[in-house]
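Report on the following structure.
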Amino acid sequence: MSVHSEYLSKLTPEEREKLIKELWEKQNHKCFVSGQDIDLELHKDKIDIDHVIAISRGGADDPSNFALELAGPNRSKSDKDLNYARSLWNYKNLADKIHNERNESPNLEDVLKLYGGSKYELEYKIENNFIKFTYLKLGQNEIISLPLYKDNLSGIEYFFVTLPIEYIFHDDQINPRKINSSLPKLMDEFYNGYPQLQISLGYVQGSSGKSKVMLFDGQHKAAAQIFLNTRNLPVRVFINPDTKKLIDTNLHAGTTLKQVAFDKSVISGLGSLIYKQHITQYQEIKGLDADNFNFSENDLLNVFVAEKAQLKKYIADDVKEYVNASSDNKLMNFVEMGGRSTEKPLSYSTLDKTLYTQFINKVPLSKPFDYKKEEGLNPRDLEKTQLIKLMNILAEKLLLNGKFDRNIGTAKIEDKIRKSLEENTPLSISWDHIRACRMFEETCFKNWMKFIDAIIKNYFINIYGREPKENFFQENIPEQLWTNIENYIENLSNLPLWKNAEFTKTVFGSGKPTDDYWSTIFTTGETISGTKVLSEPINVIKMII
């Protein structure tokens with residue numbers, strides 16, 4: 001127990017056993033905190049009794065406020081009560097469930113559904129600068145009347161309301177951010193009585209009638225409140241806004257204005273969404289049917305001249321989003337989409353700086369969107385599918401089939417090797433796993449991926465007597481060239497440096513390396529300080545055989 005209980009301290013062993021049995025029956029043989037099964041015999045020394053509501057928060061020190069839990073979950077809650085501990089475990093269990101199902105973190109929609117939210121549309125009408133509605137679906141007949149306000153600059157009307165979660169939905173297009181691992185810290189703030197300084201933002205569509213209240217900002221605060229069993233959330237609700245403008249505003253907040261810490265993957269998703277909206281808008285302006293794509297990226301830019309610079313970026317974002325979301329992409333299972341990870345070998349930021357920067361053509365195309373689409377030779381389609389093919393080669397050669405163990409992850413790998421050397425003890429990590437960690441370190445990965453350019457150029461010169469076009473991933477890459485790329489990655493992965501334990505002292509364990517660090521190793525065979533790493537510099541002609 002984390003808090004002393006006078007009641008429990010006075011119980012005889014027999015009385016304590018009786019109380020444990022009663023609580024066990026009351027809880028359907030489950031741990032109050034984690035929901036895990038409790039076996040009174042097998043878990044005999046691992047069972048705790050504690051207060052559901054902490055004494056310091058007004059909870060009673062008697063059986064009405066006791067619950068049974070396994071010692072591990074209970075002791076992880078520090079001095080908080082069991083309701084709080086259960087909230088943390090609910091978050092952990094949901095995060096694990098979504099990770100197993102979708103290989104990503106949960107979003108607000110997942111949290112709302114877990115707690116019975118997102119059920120009903122709001123039926124409302126506007127009269128005399130007031131919005132009126134009821135919560136009839138919750139059995140509440142009272143008519144709620146709230147004043148409307150108007151944003152003088154944007155012209156959008158809005159109102160403030162404390163809304164039952166049954167009437168709240170998550171908009172994953174305007175704000176596709178996932179719930180990240182900082183959520184327990186926010187829950188801790190709210191649990192300790194610190195107020196929510198900024199309320200969530202939502203909107204309804206239409207000036208009257210029926211609409212879902214779509215939350216598009218403040219989802220972390222909303223999720224933290226919900227996990228702490230709050231059933232009604234404060235929301236500023238916009239009435240019938242231009243959702244395109246909301247998407248632009250949200251994107252600007254995370255990019256130009258730096259008001260929100262958006263992950264790069266989220267920015268790519270928003271950019272792709274805005275790009276698709278511009279395509280639809282172009283079709284409307286030109287009077288084209290929704291399935292008519294006989295116009296080009298350049299045509300699009302010539303209509304939206306004022307947004308030309310941003311649209312060029314959104315073109316690349318659209319390619320990234322397609323590749324990220326493809327179910328055929330085997331590498332994405334090993335990419336942490338939000339920030340950096342100690343579980344996966346690649347972060348999305350690393351992916352963006354290496355593969356995407358190197359192989360996505362950012363120059364707008366003059367060929368129509370539907371050019372050679374049916375033949376499978378559309379330049380953008382080729383770019384997407386061939387990027388995925390390259391990523392699958394990386395996954396198959398270096399990560400799949402047990403080559404990388406996510407249970408071990410990437411944390412302190414070199415420290416573990418160093419400790420094994422110093423203590424002369426067996427290394428408990430496979431060398432395939434260590435190789436993956438080393439090869440996918442950002443600056444290392446970035447530098448050995450550059451050699452693929454040379455392999456492609458060498459092939460085109462030898463076979464066609466010319467260098468490939470600058471946007472060579474928009475050409476159909478021949479199978480022999482794919483074989484050359486596979487051979488290069490295979491032969492590179494078999495170099496002794498990746499499985500050299502001593503190199504943890506001189507090559508891999510010396511802080512954060514620079515681009516020059518690995519460029520020097522690959523082009524000279526030595527580190528900048530003169531440590532011999534390779535028997536000879538990387539030679540792409542030899543590496544593709």
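Just remember, in the structure tokens the first chain shown is A, the second B, etc., residues are 1-based per chain, and ligands are 1-based in the order shown.
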Can you list, as number ranges by chain, all residues belonging to region 335-453 of chain A that DSSP tags as strand (DSSP E or B)?
-> A: 335-336, 346-347, 368
Those same residues, written as an mmCIF file, in the first residue's frame with N, CA, C and O atoms?
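Final output, out_31.cif:
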```cif
data_model
loop_
_atom_site.group_PDB
_atom_site.id
_atom_site.type_symbol
_atom_site.label_atom_id
_atom_site.label_comp_id
_atom_site.auth_asym_id
_atom_site.auth_seq_id
_atom_site.Cartn_x
_atom_site.Cartn_y
_atom_site.Cartn_z
ATOM 1 N N VAL A 335 8.881 2.392 -38.631
ATOM 2 C CA VAL A 335 9.082 3.841 -38.608
ATOM 3 C C VAL A 335 8.220 4.458 -37.522
ATOM 4 O O VAL A 335 7.001 4.236 -37.479
ATOM 5 N N GLU A 336 8.836 5.216 -36.622
ATOM 6 C CA GLU A 336 8.110 5.961 -35.599
ATOM 7 C C GLU A 336 7.597 7.251 -36.228
ATOM 8 O O GLU A 336 8.378 8.102 -36.639
ATOM 9 N N LEU A 346 13.811 3.531 -37.162
ATOM 10 C CA LEU A 346 13.719 4.734 -37.994
ATOM 11 C C LEU A 346 12.681 5.689 -37.443
ATOM 12 O O LEU A 346 11.624 5.270 -36.971
ATOM 13 N N SER A 347 12.966 6.983 -37.517
ATOM 14 C CA SER A 347 11.951 7.997 -37.247
ATOM 15 C C SER A 347 11.448 8.527 -38.585
ATOM 16 O O SER A 347 12.145 8.416 -39.613
ATOM 17 N N PRO A 368 -0.466 15.672 -67.903
ATOM 18 C CA PRO A 368 -1.732 15.620 -67.157
ATOM 19 C C PRO A 368 -1.706 14.563 -66.050
ATOM 20 O O PRO A 368 -0.946 13.591 -66.116
#
```
Please build the interface table for region 59-138 of chain A against region 211-229 of chain A with a cut-off of 6 Å, listing for each qualifying residue the nearest atom pair and the distance in Å to one decimal; count only C-alpha atoms, order rows by chain and increasing number, and write it as a Markdown table.
```
| residue | atom | partner | partner_atom | distance |
| --- | --- | --- | --- | --- |
| A:Ser87 | CA | A:Phe227 | CA | 5.4 |
| A:Leu108 | CA | A:Gln219 | CA | 6.0 |
| A:Glu121 | CA | A:Lys212 | CA | 4.4 |
| A:Leu122 | CA | A:Ser211 | CA | 5.4 |
```
Saved selection, atoms kept: N, CA and C atoms, as a PDB file, in the first residue's frame:
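So the final result, stored in selection.pdb, reads:
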```pdb
ATOM      1  N   SER A  87      -6.843   5.047 -14.681  1.00  0.00           N
ATOM      2  CA  SER A  87      -6.835   5.915 -15.864  1.00  0.00           C
ATOM      3  C   SER A  87      -5.552   5.737 -16.662  1.00  0.00           C
ATOM      4  N   LEU A 108      -7.916  10.907 -30.808  1.00  0.00           N
ATOM      5  CA  LEU A 108      -9.015  11.269 -29.908  1.00  0.00           C
ATOM      6  C   LEU A 108     -10.259  10.429 -30.172  1.00  0.00           C
ATOM      7  N   GLU A 121     -25.506  13.448 -32.989  1.00  0.00           N
ATOM      8  CA  GLU A 121     -25.390  14.762 -33.605  1.00  0.00           C
ATOM      9  C   GLU A 121     -26.128  15.796 -32.753  1.00  0.00           C
ATOM     10  N   LEU A 122     -25.697  17.026 -32.830  1.00  0.00           N
ATOM     11  CA  LEU A 122     -26.345  18.112 -32.098  1.00  0.00           C
ATOM     12  C   LEU A 122     -27.448  18.697 -32.979  1.00  0.00           C
TER      13      LEU A 122
END
```
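Residues surrounding Glu41 (chain A) within 12 Å are Glu17, Ile20, Lys21 and Ile47 of chain A [only C-alpha atoms; sequence separation below 6 positions excluded].
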For region 410-423 of chain A, work out the shell of residues within 7 Å, counting only C-alpha atoms and skipping chain neighbours fewer than 2 positions away, then give it as a list in words.
->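 Residues meeting the cut-off are Thr342, Glu343, Lys344, Pro345, Ile408, Thr425, Pro426, Leu427, Cys437, Ala501, Thr504 and Gly509 of chain A.
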Quick one: residues within 9 Å of region 468-481 of chain A, only C-alpha atoms counted, chain neighbours fewer than 6 positions away excluded, as a PyMOL selection string?
-> chain A and resi 359-363+377-384+386-387+455-457+459-461
Which polymer residues have any atom within 10 Å of an atom of Thr243 (chain A), counting only C-alpha atoms, with same-chain residues fewer than 3 positions away left out, as a ChimeraX atom specification?
-> /A:173-174,203,205,240,246-249
Take the residues just selected and output them with N, CA, C and O atoms as an mmCIF file, in the first residue's frame.
```cif
data_model
loop_
_atom_site.group_PDB
_atom_site.id
_atom_site.type_symbol
_atom_site.label_atom_id
_atom_site.label_comp_id
_atom_site.auth_asym_id
_atom_site.auth_seq_id
_atom_site.Cartn_x
_atom_site.Cartn_y
_atom_site.Cartn_z
ATOM 1 N N GLN A 173 -9.142 14.900 -40.215
ATOM 2 C CA GLN A 173 -8.605 15.506 -41.435
ATOM 3 C C GLN A 173 -7.980 16.855 -41.128
ATOM 4 O O GLN A 173 -6.843 17.126 -41.492
ATOM 5 N N ILE A 174 -8.721 17.710 -40.439
ATOM 6 C CA ILE A 174 -8.163 19.014 -40.090
ATOM 7 C C ILE A 174 -7.002 18.852 -39.123
ATOM 8 O O ILE A 174 -5.987 19.536 -39.227
ATOM 9 N N TYR A 203 -16.418 22.537 -34.472
ATOM 10 C CA TYR A 203 -17.308 23.246 -35.395
ATOM 11 C C TYR A 203 -18.528 22.384 -35.704
ATOM 12 O O TYR A 203 -18.503 21.151 -35.552
ATOM 13 N N GLN A 205 -21.537 22.101 -38.939
ATOM 14 C CA GLN A 205 -21.784 22.513 -40.317
ATOM 15 C C GLN A 205 -23.254 22.870 -40.493
ATOM 16 O O GLN A 205 -24.129 22.076 -40.172
ATOM 17 N N ASN A 240 -20.613 26.709 -39.007
ATOM 18 C CA ASN A 240 -20.531 26.677 -40.471
ATOM 19 C C ASN A 240 -19.269 27.355 -41.023
ATOM 20 O O ASN A 240 -19.346 28.199 -41.913
ATOM 21 N N LEU A 246 -9.851 26.330 -42.093
ATOM 22 C CA LEU A 246 -9.424 25.746 -40.816
ATOM 23 C C LEU A 246 -8.203 24.844 -41.007
ATOM 24 O O LEU A 246 -7.287 24.838 -40.183
ATOM 25 N N ILE A 247 -8.200 24.079 -42.096
ATOM 26 C CA ILE A 247 -7.047 23.211 -42.387
ATOM 27 C C ILE A 247 -5.804 24.063 -42.607
ATOM 28 O O ILE A 247 -4.731 23.785 -42.065
ATOM 29 N N ASP A 248 -5.934 25.127 -43.413
ATOM 30 C CA ASP A 248 -4.805 26.029 -43.660
ATOM 31 C C ASP A 248 -4.309 26.647 -42.354
ATOM 32 O O ASP A 248 -3.097 26.724 -42.093
ATOM 33 N N THR A 249 -5.244 27.082 -41.520
ATOM 34 C CA THR A 249 -4.893 27.711 -40.245
ATOM 35 C C THR A 249 -4.136 26.741 -39.355
ATOM 36 O O THR A 249 -3.125 27.089 -38.729
#
```
Surrounding residues of Asn232 (chain A) excluding itself and chain neighbours under 5 positions, 12 Å, only C-alpha atoms, as a list in words |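 Answer for this query is Leu112, Tyr115, Gly117, Val161, Thr162, Leu163, Pro164, Ile165, Glu166, Tyr167, Ile168, Ser200, Ala222, Ala223, Gln225, Ile226 and Phe227 of chain A.
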Interatomic distance, CA of Tyr120 (chain A) to CA of Arg177 (chain A) (Å, one decimal) | 23.2 Å
Atomic separation - CA of Thr230 (chain A) relative to CA of Leu146 (chain A), Å | 21.8 Å
